[in-house]
file model.pdb (PDB, C-alpha atoms)
ATOM      1  CA  MET R   1     149.113 166.504 258.336
ATOM      2  CA  THR R   2     150.561 164.197 260.998
ATOM      3  CA  ASN R   3     148.266 161.369 262.058
ATOM      4  CA  ASN R   4     148.336 161.053 265.846
ATOM      5  CA  THR R   5     145.833 158.212 266.083
ATOM      6  CA  PRO R   6     147.155 155.094 267.836
ATOM      7  CA  ILE R   7     147.088 151.986 265.693
ATOM      8  CA  ALA R   8     147.355 148.269 266.377
ATOM      9  CA  THR R   9     148.814 146.195 263.553
ATOM     10  CA  PHE R  10     147.910 142.518 263.625
ATOM     11  CA  ASP R  11     149.212 139.356 262.149
ATOM     12  CA  CYS R  12     146.078 137.532 260.995
ATOM     13  CA  TYR R  13     146.768 133.814 260.893
ATOM     14  CA  ARG R  14     146.977 132.130 264.308
ATOM     15  CA  THR R  15     146.568 135.553 265.945
ATOM     16  CA  LEU R  16     143.036 136.430 264.841
ATOM     17  CA  ILE R  17     142.105 133.367 262.772
ATOM     18  CA  ASP R  18     142.590 129.806 264.035
ATOM     19  CA  PHE R  19     144.664 129.027 260.961
ATOM     20  CA  ASP R  20     146.487 125.699 261.028
ATOM     21  CA  LEU R  21     147.531 124.300 257.658
ATOM     22  CA  ASN R  22     149.100 121.238 259.253
ATOM     23  CA  ARG R  23     145.794 120.374 260.898
ATOM     24  CA  LEU R  24     144.124 120.394 257.498
ATOM     25  CA  ALA R  25     146.948 118.795 255.552
ATOM     26  CA  LEU R  26     147.277 115.563 257.496
ATOM     27  CA  PRO R  27     143.836 114.083 256.677
ATOM     28  CA  ILE R  28     144.328 114.997 253.009
ATOM     29  CA  VAL R  29     147.640 113.145 252.616
ATOM     30  CA  LYS R  30     147.499 110.626 255.466
ATOM     31  CA  ASP R  31     146.858 107.600 253.269
ATOM     32  CA  ARG R  32     149.819 108.420 251.030
ATOM     33  CA  LEU R  33     152.073 108.875 254.048
ATOM     34  CA  ASP R  34     150.960 105.567 255.491
ATOM     35  CA  GLU R  35     151.671 103.800 252.205
ATOM     36  CA  VAL R  36     155.392 104.513 252.661
ATOM     37  CA  GLY R  37     155.466 104.430 256.462
ATOM     38  CA  VAL R  38     156.071 108.154 257.130
ATOM     39  CA  ASP R  39     155.780 109.302 260.736
ATOM     40  CA  HIS R  40     153.011 111.910 260.818
ATOM     41  CA  ASP R  41     154.656 114.199 263.380
ATOM     42  CA  VAL R  42     157.941 114.199 261.482
ATOM     43  CA  PHE R  43     156.131 115.004 258.249
ATOM     44  CA  LEU R  44     154.187 117.903 259.790
ATOM     45  CA  ASP R  45     157.290 119.370 261.397
ATOM     46  CA  ASN R  46     159.104 119.194 258.052
ATOM     47  CA  LEU R  47     156.103 120.840 256.383
ATOM     48  CA  ARG R  48     156.253 123.714 258.873
ATOM     49  CA  VAL R  49     159.991 124.269 258.316
ATOM     50  CA  ILE R  50     159.770 124.005 254.524
ATOM     51  CA  ARG R  51     156.915 126.518 254.544
ATOM     52  CA  PHE R  52     159.056 128.962 256.526
ATOM     53  CA  HIS R  53     161.939 128.532 254.095
ATOM     54  CA  ALA R  54     159.568 129.223 251.207
ATOM     55  CA  VAL R  55     158.268 132.519 252.598
ATOM     56  CA  ALA R  56     161.792 133.624 253.454
ATOM     57  CA  GLN R  57     162.891 133.348 249.829
ATOM     58  CA  ALA R  58     162.727 136.066 247.194
ATOM     59  CA  PRO R  59     161.155 136.964 244.884
ATOM     60  CA  TYR R  60     157.565 136.989 246.139
ATOM     61  CA  ARG R  61     155.079 134.481 244.738
ATOM     62  CA  ARG R  62     151.433 133.961 245.573
ATOM     63  CA  TYR R  63     150.789 132.489 248.992
ATOM     64  CA  GLN R  64     148.252 130.004 247.668
ATOM     65  CA  ASP R  65     150.856 128.672 245.211
ATOM     66  CA  LEU R  66     153.355 128.466 248.048
ATOM     67  CA  VAL R  67     150.921 126.394 250.137
ATOM     68  CA  ARG R  68     150.551 123.933 247.274
ATOM     69  CA  SER R  69     154.259 123.686 246.466
ATOM     70  CA  THR R  70     155.417 123.239 250.060
ATOM     71  CA  LEU R  71     152.987 120.366 250.510
ATOM     72  CA  GLU R  72     154.287 118.788 247.309
ATOM     73  CA  ASN R  73     157.934 119.304 248.289
ATOM     74  CA  THR R  74     157.466 117.827 251.754
ATOM     75  CA  MET R  75     155.800 114.765 250.281
ATOM     76  CA  LEU R  76     158.692 114.495 247.831
ATOM     77  CA  LEU R  77     161.119 114.613 250.754
ATOM     78  CA  HIS R  78     159.411 111.551 252.223
ATOM     79  CA  GLY R  79     158.820 109.667 248.983
ATOM     80  CA  ALA R  80     155.036 110.001 249.123
ATOM     81  CA  ALA R  81     153.095 110.505 245.894
ATOM     82  CA  TYR R  82     151.580 113.966 245.507
ATOM     83  CA  GLU R  83     148.516 114.949 243.483
ATOM     84  CA  ASP R  84     147.513 118.480 242.477
ATOM     85  CA  ALA R  85     144.127 117.803 244.044
ATOM     86  CA  PHE R  86     145.795 117.621 247.466
ATOM     87  CA  GLY R  87     147.114 121.179 247.258
ATOM     88  CA  ASP R  88     143.881 122.490 245.782
ATOM     89  CA  GLN R  89     141.876 120.926 248.597
ATOM     90  CA  LEU R  90     144.210 122.354 251.227
ATOM     91  CA  VAL R  91     143.894 125.890 249.850
ATOM     92  CA  GLU R  92     140.121 125.642 249.497
ATOM     93  CA  GLU R  93     139.530 124.291 252.996
ATOM     94  CA  ALA R  94     141.870 126.907 254.490
ATOM     95  CA  LYS R  95     139.396 129.624 253.464
ATOM     96  CA  ASP R  96     137.019 128.360 256.151
ATOM     97  CA  PHE R  97     139.230 128.559 259.243
ATOM     98  CA  PRO R  98     137.293 130.131 262.157
ATOM     99  CA  VAL R  99     138.036 133.291 264.103
ATOM    100  CA  PHE R 100     139.261 132.774 267.660
ATOM    101  CA  PRO R 101     136.161 133.327 269.818
ATOM    102  CA  GLU R 102     137.401 136.302 271.858
ATOM    103  CA  VAL R 103     138.734 138.267 268.888
ATOM    104  CA  PRO R 104     135.693 140.250 267.634
ATOM    105  CA  GLU R 105     134.805 141.596 271.079
ATOM    106  CA  ALA R 106     138.401 142.590 271.822
ATOM    107  CA  LEU R 107     138.782 144.381 268.492
ATOM    108  CA  ASN R 108     135.500 146.243 268.913
ATOM    109  CA  LYS R 109     136.546 147.408 272.372
ATOM    110  CA  MET R 110     139.766 148.759 270.892
ATOM    111  CA  LYS R 111     137.826 150.646 268.227
ATOM    112  CA  GLU R 112     135.664 152.162 270.979
ATOM    113  CA  LYS R 113     138.862 153.462 272.572
ATOM    114  CA  GLY R 114     139.847 155.187 269.332
ATOM    115  CA  VAL R 115     142.500 152.684 268.250
ATOM    116  CA  GLN R 116     142.792 152.042 264.527
ATOM    117  CA  LEU R 117     143.172 148.452 263.364
ATOM    118  CA  ALA R 118     145.410 147.068 260.636
ATOM    119  CA  ILE R 119     146.278 143.608 259.350
ATOM    120  CA  ILE R 120     149.682 142.681 257.911
ATOM    121  CA  SER R 121     149.499 139.141 256.627
ATOM    122  CA  ASN R 122     151.510 136.650 254.621
ATOM    123  CA  SER R 123     148.539 136.243 252.315
ATOM    124  CA  ASP R 124     147.102 137.182 248.929
ATOM    125  CA  ARG R 125     144.508 139.913 248.432
ATOM    126  CA  ASP R 126     141.845 137.507 247.218
ATOM    127  CA  PHE R 127     142.620 134.973 249.976
ATOM    128  CA  ILE R 128     142.620 137.277 253.012
ATOM    129  CA  THR R 129     139.117 138.540 252.213
ATOM    130  CA  HIS R 130     137.639 135.222 253.357
ATOM    131  CA  HIS R 131     139.243 135.597 256.771
ATOM    132  CA  VAL R 132     138.496 139.305 257.212
ATOM    133  CA  ASP R 133     134.845 138.492 256.527
ATOM    134  CA  THR R 134     135.019 135.728 259.132
ATOM    135  CA  ILE R 135     136.388 138.144 261.749
ATOM    136  CA  GLY R 136     133.468 140.470 261.084
ATOM    137  CA  VAL R 137     135.196 143.671 262.246
ATOM    138  CA  GLU R 138     136.111 146.564 259.956
ATOM    139  CA  PHE R 139     139.844 147.226 259.655
ATOM    140  CA  ASP R 140     141.380 150.556 258.665
ATOM    141  CA  TYR R 141     144.100 148.795 256.654
ATOM    142  CA  VAL R 142     144.436 145.252 255.316
ATOM    143  CA  LEU R 143     147.914 144.696 253.859
ATOM    144  CA  THR R 144     149.188 141.468 252.377
ATOM    145  CA  ALA R 145     152.465 140.023 251.158
ATOM    146  CA  GLU R 146     151.069 140.557 247.675
ATOM    147  CA  ASP R 147     150.872 144.303 248.387
ATOM    148  CA  ALA R 148     154.376 144.459 249.825
ATOM    149  CA  GLY R 149     156.057 142.059 247.409
ATOM    150  CA  TRP R 150     157.619 140.397 250.445
ATOM    151  CA  PHE R 151     156.635 137.902 253.105
ATOM    152  CA  LYS R 152     157.298 138.419 256.796
ATOM    153  CA  PRO R 153     159.835 138.102 258.373
ATOM    154  CA  ARG R 154     161.619 139.900 255.504
ATOM    155  CA  PRO R 155     162.060 143.652 256.199
ATOM    156  CA  GLY R 156     160.218 144.624 253.027
ATOM    157  CA  ALA R 157     156.926 143.423 254.495
ATOM    158  CA  PHE R 158     157.240 145.634 257.575
ATOM    159  CA  GLU R 159     158.620 148.593 255.670
ATOM    160  CA  HIS R 160     155.585 148.531 253.392
ATOM    161  CA  LEU R 161     153.313 148.490 256.441
ATOM    162  CA  PHE R 162     154.967 151.446 258.141
ATOM    163  CA  LYS R 163     155.119 153.426 254.910
ATOM    164  CA  THR R 164     151.421 152.834 254.314
ATOM    165  CA  ILE R 165     150.163 153.749 257.774
ATOM    166  CA  ASP R 166     152.636 156.678 258.107
ATOM    167  CA  ARG R 167     152.615 156.792 261.897
ATOM    168  CA  ASP R 168     155.153 157.667 264.554
ATOM    169  CA  PRO R 169     156.527 154.401 266.001
ATOM    170  CA  ASN R 170     155.323 155.463 269.452
ATOM    171  CA  LEU R 171     151.745 155.195 268.172
ATOM    172  CA  ILE R 172     152.150 151.698 266.717
ATOM    173  CA  THR R 173     151.574 148.425 268.558
ATOM    174  CA  HIS R 174     152.265 145.216 266.670
ATOM    175  CA  VAL R 175     150.207 142.273 267.923
ATOM    176  CA  ALA R 176     151.042 138.763 266.772
ATOM    177  CA  GLN R 177     151.238 135.112 267.678
ATOM    178  CA  GLY R 178     154.061 134.429 265.237
ATOM    179  CA  TRP R 179     157.359 134.598 267.104
ATOM    180  CA  GLU R 180     159.757 134.143 264.198
ATOM    181  CA  TYR R 181     157.497 135.838 261.642
ATOM    182  CA  ASP R 182     156.547 138.913 263.687
ATOM    183  CA  ILE R 183     157.839 139.418 267.218
ATOM    184  CA  MET R 184     161.517 138.871 266.426
ATOM    185  CA  PRO R 185     161.763 140.965 263.226
ATOM    186  CA  ALA R 186     159.551 143.810 264.490
ATOM    187  CA  LYS R 187     161.932 144.575 267.350
ATOM    188  CA  LYS R 188     164.206 146.755 265.232
ATOM    189  CA  TYR R 189     161.413 149.180 264.318
ATOM    190  CA  GLY R 190     160.967 150.495 267.844
ATOM    191  CA  VAL R 191     157.248 149.752 268.071
ATOM    192  CA  ARG R 192     155.478 148.282 271.059
ATOM    193  CA  ARG R 193     155.079 144.537 270.565
ATOM    194  CA  ILE R 194     152.479 142.261 272.133
ATOM    195  CA  TRP R 195     153.031 138.549 271.749
ATOM    196  CA  VAL R 196     149.816 136.515 271.729
ATOM    197  CA  ASN R 197     151.376 133.322 273.010
ATOM    198  CA  ARG R 198     148.397 131.044 272.426
ATOM    199  CA  TYR R 199     150.459 127.853 272.529
ATOM    200  CA  GLY R 200     152.643 128.387 275.599
ATOM    201  CA  LEU R 201     155.904 128.661 273.670
ATOM    202  CA  PRO R 202     159.172 129.883 275.237
ATOM    203  CA  GLY R 203     160.134 133.497 274.625
ATOM    204  CA  SER R 204     163.569 135.113 274.788
ATOM    205  CA  ASP R 205     165.159 137.804 276.932
ATOM    206  CA  PHE R 206     167.125 138.943 273.886
ATOM    207  CA  TYR R 207     163.942 140.161 272.173
ATOM    208  CA  GLN R 208     162.615 142.077 275.160
ATOM    209  CA  PRO R 209     160.863 144.398 275.724
ATOM    210  CA  TYR R 210     157.563 142.864 274.667
ATOM    211  CA  HIS R 211     154.316 142.137 276.455
ATOM    212  CA  GLU R 212     152.939 138.594 276.538
ATOM    213  CA  ILE R 213     149.281 137.565 276.625
ATOM    214  CA  SER R 214     147.646 134.195 275.975
ATOM    215  CA  ASN R 215     144.683 135.534 273.963
ATOM    216  CA  LEU R 216     143.195 138.889 272.955
ATOM    217  CA  THR R 217     140.824 139.329 275.898
ATOM    218  CA  PRO R 218     143.185 141.651 277.885
ATOM    219  CA  LEU R 219     144.410 143.498 274.799
ATOM    220  CA  PRO R 220     142.093 146.558 275.009
ATOM    221  CA  ASP R 221     143.475 147.312 278.499
ATOM    222  CA  PHE R 222     146.770 148.372 276.896
ATOM    223  CA  TRP R 223     145.067 151.602 275.722
ATOM    224  CA  GLU R 224     143.397 154.353 277.706
ATOM    225  CA  SER R 225     139.844 155.313 276.824
ATOM    226  CA  ASN R 226     139.301 158.506 274.839
TER     227      ASN R 226
END

call {"tool": "encode", "arguments": {"input": "model.pdb", "output": "structure tokens"}}
result
Amino acid sequence: MTNNTPIATFDCYRTLIDFDLNRLALPIVKDRLDEVGVDHDVFLDNLRVIRFHAVAQAPYRRYQDLVRSTLENTMLLHGAAYEDAFGDQLVEEAKDFPVFPEVPEALNKMKEKGVQLAIISNSDRDFITHHVDTIGVEFDYVLTAEDAGWFKPRPGAFEHLFKTIDRDPNLITHVAQGWEYDIMPAKKYGVRRIWVNRYGLPGSDFYQPYHEISNLTPLPDFWESN
């Protein structure tokens, strides 16, 4: 039977959860960076780029291992001494990132309008549970890179999502903060895209059409009430 229920698919980190690994990483490794005179901003930008390169590679490996290894590799790039305890601390503290304050109310309003909710995240099954619990709203689907065997922005991640929810593209709205991880690659699937541009970043005419909002407060208005 065809499912005609509209569904919103969400990136989790930095869309629903205020997830910022760089914010956590700097205090953990700051003393080691200062020992060798590494500029903090340069280090954090390198960490962001190396993390993207890691998720773009195949085959899949656990996200928590990736978080540890990218921190180690970025410190290696700058000649700063790494300890396993640094990566372990980063992963452990990342479990406690908060939900953005407007998110639970916006999601509940969408559920009241008959919209199903799904998460597609570059995460592990046992890691994402901490953040879903923090959000405090029941999702119809929670899909991870571990489920798909691929990280976004690789096509395999999105193909697993669309296969799992089995919905006409006209019924799917993908909502995400991540420009390069979500908004750009999702264009080819013909779904409505809503960019949660929390940080005032530049968009691109090439990737239109997409809607742009600064947080989730106006999101329920994109659907009519039942």

call {"tool": "resolve_selection", "arguments": {"input": "model.pdb", "expression": "the PyMOL selection byres ((chain R and resi 25) around 12)", "output": "PyMOL selection string"}}
result
chain R and resi 19-24+26-33+40-41+43-45+47-48+67-68+70-72+74-75+85-94

call {"tool": "resolve_selection", "arguments": {"input": "model.pdb", "expression": "the PyMOL selection byres ((chain R and resi 54) around 12)", "output": "compact mmCIF listing (two decimals) with C-alpha atoms, keeping the file's coordinate frame"}}
result
# COMPACT_ATOMS: atom_id res chain seq x y z
CA LEU R 47 156.10 120.84 256.38
CA ARG R 48 156.25 123.71 258.87
CA VAL R 49 159.99 124.27 258.32
CA ILE R 50 159.77 124.00 254.52
CA ARG R 51 156.92 126.52 254.54
CA PHE R 52 159.06 128.96 256.53
CA HIS R 53 161.94 128.53 254.10
CA VAL R 55 158.27 132.52 252.60
CA ALA R 56 161.79 133.62 253.45
CA GLN R 57 162.89 133.35 249.83
CA ALA R 58 162.73 136.07 247.19
CA PRO R 59 161.16 136.96 244.88
CA TYR R 60 157.56 136.99 246.14
CA ARG R 61 155.08 134.48 244.74
CA ARG R 62 151.43 133.96 245.57
CA TYR R 63 150.79 132.49 248.99
CA GLN R 64 148.25 130.00 247.67
CA ASP R 65 150.86 128.67 245.21
CA LEU R 66 153.35 128.47 248.05
CA VAL R 67 150.92 126.39 250.14
CA ARG R 68 150.55 123.93 247.27
CA SER R 69 154.26 123.69 246.47
CA THR R 70 155.42 123.24 250.06
CA LEU R 71 152.99 120.37 250.51
CA ASN R 73 157.93 119.30 248.29
CA THR R 74 157.47 117.83 251.75
CA ASN R 122 151.51 136.65 254.62
CA TRP R 150 157.62 140.40 250.44
CA PHE R 151 156.64 137.90 253.10
CA LYS R 152 157.30 138.42 256.80
CA PRO R 153 159.84 138.10 258.37
CA ARG R 154 161.62 139.90 255.50

call {"tool": "closest_residue", "arguments": {"input": "model.pdb", "among": "R:Ile7, R:Ala81, R:Ala148, R:Ile165", "to": "R:Ser121", "atoms": "only C-alpha atoms"}}
result
R:Ala148

call {"tool": "residues_around", "arguments": {"input": "model.pdb", "residues": "R:Asp221", "least_positions_apart": "6", "cutoff": "12 Å", "atoms": "all atoms listed in the file", "output": "PyMOL selection string"}}
result
chain R and resi 106-107+109-110+112-113+115+213

call {"tool": "residues_around", "arguments": {"input": "model.pdb", "residues": "R:Phe10", "least_positions_apart": "3", "cutoff": "7 Å", "atoms": "all atoms listed in the file", "output": "list in words"}}
result
Ala118, Ile119, Ile120, His174, Val175 and Ala176 of chain R

call {"tool": "residues_around", "arguments": {"input": "model.pdb", "residues": "R:His160", "least_positions_apart": "2", "cutoff": "9 Å", "atoms": "only C-alpha atoms", "output": "tab-separated table (two decimals) with C-alpha atoms, in the coordinates of the input"}}
result
chain	number	residue	atom	x	y	z
R	143	LEU	CA	147.91	144.70	253.86
R	147	ASP	CA	150.87	144.30	248.39
R	148	ALA	CA	154.38	144.46	249.82
R	149	GLY	CA	156.06	142.06	247.41
R	150	TRP	CA	157.62	140.40	250.44
R	155	PRO	CA	162.06	143.65	256.20
R	156	GLY	CA	160.22	144.62	253.03
R	157	ALA	CA	156.93	143.42	254.50
R	158	PHE	CA	157.24	145.63	257.58
R	162	PHE	CA	154.97	151.45	258.14
R	163	LYS	CA	155.12	153.43	254.91
R	164	THR	CA	151.42	152.83	254.31
R	165	ILE	CA	150.16	153.75	257.77

call {"tool": "residues_around", "arguments": {"input": "model.pdb", "residues": "R:Thr173", "least_positions_apart": "2", "cutoff": "8 Å", "atoms": "only C-alpha atoms", "output": "list in words"}}
result
Ile7, Ala8, Thr9, Leu171, Val175, Val191, Arg192, Arg193 and Ile194 of chain R

call {"tool": "resolve_selection", "arguments": {"input": "model.pdb", "expression": "the PyMOL selection byres ((chain R and resi 207) around 8)", "output": "list in words"}}
result
Ile183, Met184, Lys187, Ser204, Asp205, Phe206, Gln208, Pro209 and Tyr210 of chain R

call {"tool": "write_last_selection", "arguments": {"input": "model.pdb", "atoms": "C-alpha atoms", "output": "mmCIF file, keeping the file's coordinate frame"}}
result
data_model
loop_
_atom_site.group_PDB
_atom_site.id
_atom_site.type_symbol
_atom_site.label_atom_id
_atom_site.label_comp_id
_atom_site.auth_asym_id
_atom_site.auth_seq_id
_atom_site.Cartn_x
_atom_site.Cartn_y
_atom_site.Cartn_z
ATOM 1 C CA ILE R 183 157.839 139.418 267.218
ATOM 2 C CA MET R 184 161.517 138.871 266.426
ATOM 3 C CA LYS R 187 161.932 144.575 267.350
ATOM 4 C CA SER R 204 163.569 135.113 274.788
ATOM 5 C CA ASP R 205 165.159 137.804 276.932
ATOM 6 C CA PHE R 206 167.125 138.943 273.886
ATOM 7 C CA GLN R 208 162.615 142.077 275.160
ATOM 8 C CA PRO R 209 160.863 144.398 275.724
ATOM 9 C CA TYR R 210 157.563 142.864 274.667
#

call {"tool": "atom_distance", "arguments": {"input": "model.pdb", "atom1": "atom CA of R:Asp96", "atom2": "atom CA of R:Asp140"}}
result
22.8 Å

call {"tool": "closest_residue", "arguments": {"input": "model.pdb", "among": "R:Thr5, R:Asn46, R:Gln116, R:Thr15", "to": "R:Val99", "atoms": "all atoms listed in the file"}}
result
R:Thr15

call {"tool": "atom_distance", "arguments": {"input": "model.pdb", "atom1": "atom CA of R:Val38", "atom2": "atom CA of R:Tyr199"}}
result
25.6 Å

call {"tool": "residues_near_point", "arguments": {"input": "model.pdb", "point": "(157.1, 160.9, 265.7)", "cutoff": "12 Å", "atoms": "only C-alpha atoms", "output": "list in words"}}
result
Thr2, Asn3, Asn4, Thr5, Pro6, Asp166, Arg167, Asp168, Pro169, Asn170, Leu171, Ile172, Gly190 and Val191 of chain R

call {"tool": "decode", "arguments": {"input": "model.pdb", "residues": "stretch 68-148 of chain R", "atoms": "C-alpha atoms", "output": "JSON list (two decimals), in the first residue's frame"}}
result
[["chain", "number", "residue", "atom", "x", "y", "z"],
["R", 68, "ARG", "CA", 39.02, 10.25, 17.57],
["R", 69, "SER", "CA", 41.19, 9.68, 14.50],
["R", 70, "THR", "CA", 40.52, 13.08, 12.92],
["R", 71, "LEU", "CA", 41.54, 14.80, 16.13],
["R", 72, "GLU", "CA", 44.72, 12.73, 16.22],
["R", 73, "ASN", "CA", 45.50, 13.38, 12.55],
["R", 74, "THR", "CA", 44.99, 17.13, 12.86],
["R", 75, "MET", "CA", 47.30, 17.26, 15.84],
["R", 76, "LEU", "CA", 49.83, 15.25, 13.84],
["R", 77, "LEU", "CA", 49.56, 17.79, 11.03],
["R", 78, "HIS", "CA", 50.61, 20.51, 13.47],
["R", 79, "GLY", "CA", 53.22, 18.53, 15.39],
["R", 80, "ALA", "CA", 51.23, 18.47, 18.63],
["R", 81, "ALA", "CA", 51.35, 15.36, 20.82],
["R", 82, "TYR", "CA", 48.12, 13.38, 20.90],
["R", 83, "GLU", "CA", 46.85, 11.10, 23.67],
["R", 84, "ASP", "CA", 44.05, 8.55, 23.39],
["R", 85, "ALA", "CA", 42.43, 10.22, 26.39],
["R", 86, "PHE", "CA", 41.85, 13.34, 24.28],
["R", 87, "GLY", "CA", 39.70, 11.50, 21.74],
["R", 88, "ASP", "CA", 37.87, 9.55, 24.43],
["R", 89, "GLN", "CA", 37.03, 12.75, 26.28],
["R", 90, "LEU", "CA", 35.81, 14.42, 23.10],
["R", 91, "VAL", "CA", 33.46, 11.54, 22.27],
["R", 92, "GLU", "CA", 32.15, 11.31, 25.83],
["R", 93, "GLU", "CA", 31.47, 15.03, 26.19],
["R", 94, "ALA", "CA", 29.79, 15.14, 22.77],
["R", 95, "LYS", "CA", 26.99, 12.94, 24.13],
["R", 96, "ASP", "CA", 25.80, 15.88, 26.23],
["R", 97, "PHE", "CA", 25.30, 18.54, 23.55],
["R", 98, "PRO", "CA", 21.97, 20.35, 24.09],
["R", 99, "VAL", "CA", 18.96, 20.59, 21.80],
["R", 100, "PHE", "CA", 18.40, 23.99, 20.20],
["R", 101, "PRO", "CA", 15.68, 25.60, 22.34],
["R", 102, "GLU", "CA", 13.00, 26.02, 19.65],
["R", 103, "VAL", "CA", 13.30, 22.49, 18.28],
["R", 104, "PRO", "CA", 10.93, 20.42, 20.48],
["R", 105, "GLU", "CA", 8.00, 22.82, 20.07],
["R", 106, "ALA", "CA", 8.48, 23.04, 16.30],
["R", 107, "LEU", "CA", 8.65, 19.26, 15.92],
["R", 108, "ASN", "CA", 5.55, 18.73, 18.05],
["R", 109, "LYS", "CA", 3.62, 21.25, 15.97],
["R", 110, "MET", "CA", 4.59, 19.34, 12.84],
["R", 111, "LYS", "CA", 3.38, 16.08, 14.38],
["R", 112, "GLU", "CA", 0.06, 17.78, 15.18],
["R", 113, "LYS", "CA", -0.24, 18.60, 11.48],
["R", 114, "GLY", "CA", 0.21, 14.94, 10.57],
["R", 115, "VAL", "CA", 3.81, 15.18, 9.38],
["R", 116, "GLN", "CA", 6.03, 12.20, 10.11],
["R", 117, "LEU", "CA", 9.54, 12.87, 11.40],
["R", 118, "ALA", "CA", 12.77, 11.13, 10.48],
["R", 119, "ILE", "CA", 16.44, 11.63, 11.31],
["R", 120, "ILE", "CA", 19.28, 10.82, 8.90],
["R", 121, "SER", "CA", 22.55, 11.35, 10.70],
["R", 122, "ASN", "CA", 26.26, 10.77, 10.27],
["R", 123, "SER", "CA", 26.26, 8.90, 13.56],
["R", 124, "ASP", "CA", 26.32, 5.45, 15.16],
["R", 125, "ARG", "CA", 23.23, 3.71, 16.52],
["R", 126, "ASP", "CA", 24.49, 3.74, 20.09],
["R", 127, "PHE", "CA", 25.66, 7.37, 19.84],
["R", 128, "ILE", "CA", 22.54, 8.97, 18.33],
["R", 129, "THR", "CA", 20.34, 7.64, 21.14],
["R", 130, "HIS", "CA", 21.83, 10.20, 23.54],
["R", 131, "HIS", "CA", 20.79, 13.05, 21.28],
["R", 132, "VAL", "CA", 17.34, 11.69, 20.41],
["R", 133, "ASP", "CA", 16.67, 11.43, 24.14],
["R", 134, "THR", "CA", 17.83, 15.03, 24.55],
["R", 135, "ILE", "CA", 15.40, 16.22, 21.85],
["R", 136, "GLY", "CA", 12.56, 14.51, 23.70],
["R", 137, "VAL", "CA", 10.29, 14.05, 20.66],
["R", 138, "GLU", "CA", 9.38, 10.68, 19.16],
["R", 139, "PHE", "CA", 10.62, 10.14, 15.61],
["R", 140, "ASP", "CA", 9.08, 7.71, 13.12],
["R", 141, "TYR", "CA", 12.53, 6.79, 11.77],
["R", 142, "VAL", "CA", 16.05, 7.28, 13.12],
["R", 143, "LEU", "CA", 18.63, 6.28, 10.50],
["R", 144, "THR", "CA", 22.38, 6.50, 10.92],
["R", 145, "ALA", "CA", 25.48, 6.13, 8.78],
["R", 146, "GLU", "CA", 25.93, 2.80, 10.52],
["R", 147, "ASP", "CA", 22.57, 1.66, 9.09],
["R", 148, "ALA", "CA", 23.38, 2.89, 5.59]]
